[in-house]
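Engineer: Below is a structure I'd like to ask you about.
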Amino acid sequence: MAKVEIVVNGRKEAREVEDRTLLVNFIRDTLGLTGTHVGCDTSQCGCCTVHMNGRAVKSCTVLAVQANGADVMTIEGLARDGELHPVQRAFTECHGLQCGFCTPGMIMATVGFLKDNPNPTEDEICKGLEGNLCRCTGYINIVKAVKRGAELLQK
Amino acid sequence: MGDHLFEVDGVHVSRLEDLRLITGAGTYAADWNLPGQLHAHFVRSDRAHAKIVSIDTTAALKYPGVAGIYTGEDAVRAGYVRGVTFLNFKGKNDMEGRIPERPAMAHGRVRFVGEPVALVVADSALAAQDASELIRIDYRDLPVVIDPEAAVRPGTAQLHESVPENTPFEYEAGDKAATEAAFAKAAHVTKLKMESTRVVPNPLEPRACLIAHDPKNESYTVHVCIQGMNMMKRQLSAYTKVPEDKLNVIARDVGGGFGQRSTAYPEYCAVMIAAKATGRPVKWVSSRTEGFLSDTHGRGNIIEGELALDKDGRFLAMRLNWLADMGAYLSPAGPVSHIRNPTTCLTGVYKIPALYGYWRLAVTNTAPIAAYRGAGRPDIAYAIERLVSNAAAELGIDAAELRSRNFIQPEDFPYKTPTGTTYDNADLPGVLAKALELADWKGYTQRLSATEKTGKLRGIGISTVIENTGAGMYPKDEVELEVGKDGVVTLYTVAKSQGQGHETTFAMMAAKVLEIPAERIKVVQNFNDRALIGNHTGGSRSMVGAGTVCHIAAEKLVQHGKSLAAEALGIEPSQVSYGAGEFRGPESGMKITLAELAQKREVKIKGEGTFGTTYPNGCHIAEVEIDPETGVTDIARYMTVDDCGVVVNHAIVEGQMHGAVAQGAGQVFGEHAIYDKESGQLMTATFSDYFMPRAGMLPDIVMAEHATASRINPLGIKGMGESGCTASLGALVNAVIDAVRPLGIHHLDMPLTPAKLWTEISAKRGTARA
Ligand code: FES
Ligand code: FES
């Protein structure tokens, strides 16, 4: 067992976890924040994407102990004071989600990606989303949502 | 339609389900938890075909935290040995389907890699997994049968005693003699052997369930991912003999379906055993690899087709020899999907005077096959559209022209096909004309020469298809509307969105009639306190069925409300008018709102409807560029013209089309469930080994609608959730073959991977040079 202290969505969470606990399980099972999803076991789908110290990471690929002392933001922490994040708005405006299972990961990955590249081309968006799978949308509206998100962020 | 979902007076309105889904507040199957719950882990067969000699659970049972271990013996003792298979029609020579037993966990014998053999429940998921590694199973290997063609050959090892020659069913449709006669006098016959490859549906949410048993009344609460509660209850009940009214099925958000969720899986029944035995709720969450191994797969059809034409390129007859791989056991929807749907649309969009098809199902040591987006419709459309394009190329007739020469004409609708189907309505020449214009079909040669200058290959492919949608297994669809004291109308339906957006579209249907904002209608798709008859969401049926009933129910609510309002206002019902949530009498000030009426008394009605099958149709045109140095294909352009009848929400229809075309493109260019022929191991059991479409695979699709109103559905609506998939296989493969045909390649089976194309192209070029 190991003690970890992780700030999640602005709240300090001090817990004891099994050494092998993945960050995603810490988030989902220990903290009950089920907006972060698990879609695979090989770090391919990106459903589990969260931000750790401001960078998008796949939380199924990080141990909770590795996140000790870190600042983590999940999809639940993205909207501020009831105000949706521009990327959240963009996804719904562009019909960039259907079942919504990939969506939290897509949105977190997009927010991270747009930090690095606030004005991406379509090709850059597709490269940027390589690590996120969606089975419903065919990605066409997701690519539009990322573009729209970039626009909204610059307003 | 722009990028926005729908706009009312310039104000953007979101899909009503979106807010919770974009904020992480959705509730999928794995998100449910119950106090005191145990966690389940399945031990799965690592053999494709073997006798189970012994299972030793002693060490595992001692592992800390373990609460119980269950095996096939428990399944047999419980009587959970046979799920339902919808095979209620006779086959060739009146043959009855041979449906083998399938205990909820393997008993005595395993028949595919991944078949559940034992179930461990423990305090934590990790403990259950650790303990499961201590279970010792002795197997004696049996001969492995993977290839369906080999499976049905005499002398091949048999999977089930009750299924001779591994053939559970044979079926034929059409007129064999007339077809033979027509072939005998044909000027030209084109032949192809085509495989619609086995693929894995892979909705992104892995399967999961959380099941609690209540000993007081012998009932179960089952949290699970579904496509509709009635279907799940019916199938679970058939498997376990627990009456439907003792099964409380609970689902909120479902992360994609595509046919894969419509089965009551044996794992759910096994978890019921554990929940009852331990007296505690038991939760199981599948890993992705378990999903690859044990979710139902899709397609898996080998089709030999022949098309006979006269000297003017008119179709005389078509003959199909169809072998459908069912996997190791018959899933509920597998047989019907791959026999009934293809038979229904056997003539495609063409007048073909003589048709004959022979179907044979095969069992193999692989995961069971069931419906997957289109469920046999993409397969039949693919076969026909490949044959037609192949014939066009062989005869030197333009592929669009050959189609147009053989179309069923607008005045022929409703059109009775030679296999007894009645197509409701279509304007195929109109669809084609619009598609050719959209695609700039005539300008293709210019684009071709531009590509050729770069050293790449270019091809154009077309497919014109029709498919059956909307019919269901229940005799009618019911929708209940109940007005709350706050005026919010709750709409109950047993259809269940897995991403289709029923909360929005169903609300829109009722809102339009009630003249209130869609936000004032709350769509509830899962409940156990009332029984409604109706179908699940699948087979592109929900807007045709339940969605239409939302409209009917809302009209009924207005009528019913008028009589209640008349009473309240002390006037005759005929004097009451309704508009925008308000009932009004003849004099000013004489009015009562929906909310006020509901405060006085219960305002609740049930609407119902029974509709037949609708036939969406359309034309897809694809252009591809292939780099011969790498074999990589780029989809350069993709155009669709679809007739899905009257459209309720254009953005949602576009979204469905995008997703369906992407799944088609996935199958065409990479998706393939590959079993090793000797060991029976699934070689593609993770997202690193199995090709999944990614962003950028499809260009933005250029779409147009060309609607003819359905004559079956009172609102003119046709189902459309699958039609994109149905048309895309043919369009894309035809485009690739068009590109490589100059090299002498006239057919390649999917998936058209870079490796396959590079190999084929290099071989031909090598030969040409030599
Ligand atoms: S769960 Fe799939 S990448 Fe993390
Ligand atoms: S919206 Fe369903 S997986 Fe992306």
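How things are named: the first chain in the structure tokens is A, the next is B, and so on; residues count from 1 in each chain; ligands count from 1 in the order shown.
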DSSP on the backbone, strand (DSSP E) only: what residues of region 9-255 of chain B does that give? Format it as a PyMOL selection string.
Structural biologist: chain B and resi 11-13+38-44+50-56+66-71+109-110+116-122+136-141+170-174+188-196+208-214+219-224+247-250
Engineer: Using only C-alpha atoms and a distance of at most 8 Å, pull out the residues of chain A that contact chain B, as a ChimeraX atom specification.
Structural biologist: /A:34-36,38-42,44-45,75-76,78-79,88,91-95,97-104,107,123,126-127,129-130,132-141,143-144
Engineer: When you look at Asn53 (chain A) with a cut-off of 8 Å (counting only C-alpha atoms), what residues show up, excluding the ones that are within fewer than 5 positions of it in the same chain? I need them as number ranges by chain.
Structural biologist: A: 70-72
Engineer: Pull N, CA and C atoms from the residues just selected and write them as a PDB file, in the first residue's frame.
Structural biologist:
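Wrote it out as result.pdb, contents follow:
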ATOM      1  N   ALA A  70       0.746  15.639  -7.694  1.00  0.00           N
ATOM      2  CA  ALA A  70       0.401  16.324  -8.944  1.00  0.00           C
ATOM      3  C   ALA A  70      -0.946  17.026  -8.836  1.00  0.00           C
ATOM      4  N   ASP A  71      -1.173  17.860  -9.826  1.00  0.00           N
ATOM      5  CA  ASP A  71      -2.443  18.557  -9.949  1.00  0.00           C
ATOM      6  C   ASP A  71      -3.176  17.921 -11.128  1.00  0.00           C
ATOM      7  N   VAL A  72      -4.288  17.292 -10.836  1.00  0.00           N
ATOM      8  CA  VAL A  72      -5.006  16.560 -11.890  1.00  0.00           C
ATOM      9  C   VAL A  72      -6.335  17.238 -12.155  1.00  0.00           C
TER      10      VAL A  72
END
Engineer: Looking at only C-alpha atoms and all ligand atoms, which of A:Ile6, A:Met106, A:Met1, A:Val146 is the one that sits closest to ligand 1?
Structural biologist: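 Going through A:Ile6, A:Met106, A:Met1, A:Val146 one by one, the smallest distance to ligand 1 is for A:Met106.
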Engineer: Residues within 7 Å of region 590-605 of chain B, please, as a list in words. Count only C-alpha atoms; anything in the same chain fewer than 5 positions from it doesn't count.
Structural biologist: Glu480, Leu481, Glu482, Val483, Gly484, Lys485, Asp486, Gly487, Leu557, Ala565, Gly581, Glu582, Phe583, Arg584 and Gly585 of chain B
Engineer: Could you pull out the alpha helix (DSSP H) residues of region 112-249 of chain B from DSSP and send them as a ChimeraX atom specification?
Structural biologist: /B:125-132,148-151,176-184,229-240
Engineer: Store the residues of this selection in a file with N, CA, C and O atoms, as a CSV table (one decimal), in the first residue's frame.
Structural biologist:
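The resulting file, part.csv, is reproduced below:
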chain,number,residue,atom,x,y,z
B,125,ALA,N,-11.9,-6.1,-7.8
B,125,ALA,CA,-11.7,-6.6,-9.1
B,125,ALA,C,-10.3,-7.2,-9.2
B,125,ALA,O,-10.1,-8.3,-9.8
B,126,LEU,N,-9.3,-6.6,-8.5
B,126,LEU,CA,-8.0,-7.1,-8.6
B,126,LEU,C,-7.9,-8.4,-7.9
B,126,LEU,O,-7.2,-9.4,-8.4
B,127,ALA,N,-8.5,-8.6,-6.8
B,127,ALA,CA,-8.5,-9.8,-6.0
B,127,ALA,C,-9.1,-10.9,-6.9
B,127,ALA,O,-8.6,-12.1,-6.9
B,128,ALA,N,-10.2,-10.6,-7.5
B,128,ALA,CA,-10.9,-11.6,-8.3
B,128,ALA,C,-9.9,-12.1,-9.5
B,128,ALA,O,-9.9,-13.3,-9.8
B,129,GLN,N,-9.3,-11.1,-10.1
B,129,GLN,CA,-8.3,-11.4,-11.2
B,129,GLN,C,-7.2,-12.2,-10.7
B,129,GLN,O,-6.8,-13.2,-11.3
B,130,ASP,N,-6.6,-11.8,-9.5
B,130,ASP,CA,-5.5,-12.6,-8.9
B,130,ASP,C,-5.9,-14.0,-8.7
B,130,ASP,O,-5.1,-15.0,-9.0
B,131,ALA,N,-7.0,-14.2,-8.0
B,131,ALA,CA,-7.5,-15.5,-7.7
B,131,ALA,C,-7.7,-16.4,-8.9
B,131,ALA,O,-7.4,-17.6,-8.9
B,132,SER,N,-8.2,-15.8,-9.9
B,132,SER,CA,-8.5,-16.5,-11.1
B,132,SER,C,-7.3,-17.2,-11.7
B,132,SER,O,-7.4,-18.2,-12.4
B,148,PRO,N,-15.0,-21.4,-42.2
B,148,PRO,CA,-16.3,-21.9,-42.4
B,148,PRO,C,-16.5,-22.9,-43.6
B,148,PRO,O,-17.3,-23.8,-43.6
B,149,GLU,N,-15.7,-22.6,-44.7
B,149,GLU,CA,-15.8,-23.5,-45.8
B,149,GLU,C,-15.3,-24.9,-45.5
B,149,GLU,O,-15.9,-25.9,-45.9
B,150,ALA,N,-14.3,-25.0,-44.7
B,150,ALA,CA,-13.8,-26.3,-44.3
B,150,ALA,C,-14.7,-26.9,-43.3
B,150,ALA,O,-15.0,-28.1,-43.3
B,151,ALA,N,-15.4,-26.1,-42.4
B,151,ALA,CA,-16.3,-26.6,-41.4
B,151,ALA,C,-17.4,-27.4,-42.0
B,151,ALA,O,-17.7,-28.5,-41.4
B,176,LYS,N,-35.4,-21.3,-58.4
B,176,LYS,CA,-34.1,-21.9,-58.9
B,176,LYS,C,-34.2,-22.2,-60.4
B,176,LYS,O,-33.3,-21.9,-61.2
B,177,ALA,N,-35.4,-22.8,-60.8
B,177,ALA,CA,-35.5,-23.3,-62.2
B,177,ALA,C,-35.5,-22.1,-63.1
B,177,ALA,O,-34.8,-22.1,-64.1
B,178,ALA,N,-36.3,-21.1,-62.8
B,178,ALA,CA,-36.4,-19.9,-63.6
B,178,ALA,C,-35.0,-19.2,-63.7
B,178,ALA,O,-34.6,-18.7,-64.8
B,179,THR,N,-34.3,-19.2,-62.6
B,179,THR,CA,-33.0,-18.6,-62.6
B,179,THR,C,-32.0,-19.4,-63.6
B,179,THR,O,-31.3,-18.8,-64.4
B,180,GLU,N,-32.1,-20.7,-63.4
B,180,GLU,CA,-31.2,-21.5,-64.3
B,180,GLU,C,-31.5,-21.3,-65.8
B,180,GLU,O,-30.6,-21.1,-66.6
B,181,ALA,N,-32.8,-21.2,-66.1
B,181,ALA,CA,-33.2,-21.0,-67.5
B,181,ALA,C,-32.7,-19.7,-68.0
B,181,ALA,O,-32.2,-19.5,-69.1
B,182,ALA,N,-32.8,-18.6,-67.1
B,182,ALA,CA,-32.4,-17.3,-67.5
B,182,ALA,C,-30.9,-17.3,-67.8
B,182,ALA,O,-30.4,-16.7,-68.7
B,183,PHE,N,-30.1,-18.0,-66.9
B,183,PHE,CA,-28.7,-18.0,-67.1
B,183,PHE,C,-28.3,-18.7,-68.4
B,183,PHE,O,-27.4,-18.3,-69.1
B,184,ALA,N,-29.1,-19.7,-68.8
B,184,ALA,CA,-28.8,-20.5,-70.0
B,184,ALA,C,-28.9,-19.6,-71.2
B,184,ALA,O,-28.2,-19.9,-72.2
B,229,MET,N,-34.9,-2.1,-23.3
B,229,MET,CA,-35.1,-3.0,-22.1
B,229,MET,C,-36.0,-4.2,-22.4
B,229,MET,O,-35.7,-5.3,-21.8
B,230,ASN,N,-37.0,-4.1,-23.3
B,230,ASN,CA,-37.8,-5.3,-23.5
B,230,ASN,C,-37.0,-6.4,-24.1
B,230,ASN,O,-37.2,-7.6,-23.7
B,231,MET,N,-36.2,-6.1,-25.0
B,231,MET,CA,-35.4,-7.1,-25.7
B,231,MET,C,-34.4,-7.8,-24.7
B,231,MET,O,-34.3,-9.0,-24.7
B,232,MET,N,-33.8,-7.0,-23.8
B,232,MET,CA,-32.9,-7.6,-22.8
B,232,MET,C,-33.7,-8.5,-21.8
B,232,MET,O,-33.3,-9.6,-21.5
B,233,LYS,N,-34.9,-8.0,-21.4
B,233,LYS,CA,-35.6,-8.8,-20.4
B,233,LYS,C,-36.1,-10.1,-21.1
B,233,LYS,O,-36.0,-11.1,-20.5
B,234,ARG,N,-36.5,-10.0,-22.3
B,234,ARG,CA,-37.1,-11.2,-23.0
B,234,ARG,C,-36.0,-12.2,-23.1
B,234,ARG,O,-36.2,-13.4,-22.8
B,235,GLN,N,-34.8,-11.8,-23.5
B,235,GLN,CA,-33.7,-12.7,-23.8
B,235,GLN,C,-33.1,-13.3,-22.5
B,235,GLN,O,-32.8,-14.5,-22.4
B,236,LEU,N,-33.0,-12.4,-21.4
B,236,LEU,CA,-32.5,-12.9,-20.2
B,236,LEU,C,-33.4,-13.9,-19.6
B,236,LEU,O,-33.0,-14.9,-19.0
B,237,SER,N,-34.7,-13.6,-19.7
B,237,SER,CA,-35.7,-14.5,-19.2
B,237,SER,C,-35.7,-15.8,-19.9
B,237,SER,O,-35.8,-16.9,-19.2
B,238,ALA,N,-35.5,-15.8,-21.2
B,238,ALA,CA,-35.5,-17.0,-21.9
B,238,ALA,C,-34.3,-17.9,-21.5
B,238,ALA,O,-34.4,-19.1,-21.4
B,239,TYR,N,-33.2,-17.2,-21.2
B,239,TYR,CA,-32.0,-18.0,-20.8
B,239,TYR,C,-32.1,-18.6,-19.4
B,239,TYR,O,-31.7,-19.7,-19.2
B,240,THR,N,-32.7,-17.8,-18.5
B,240,THR,CA,-32.6,-18.1,-17.1
B,240,THR,C,-34.0,-18.6,-16.5
B,240,THR,O,-34.0,-19.1,-15.4
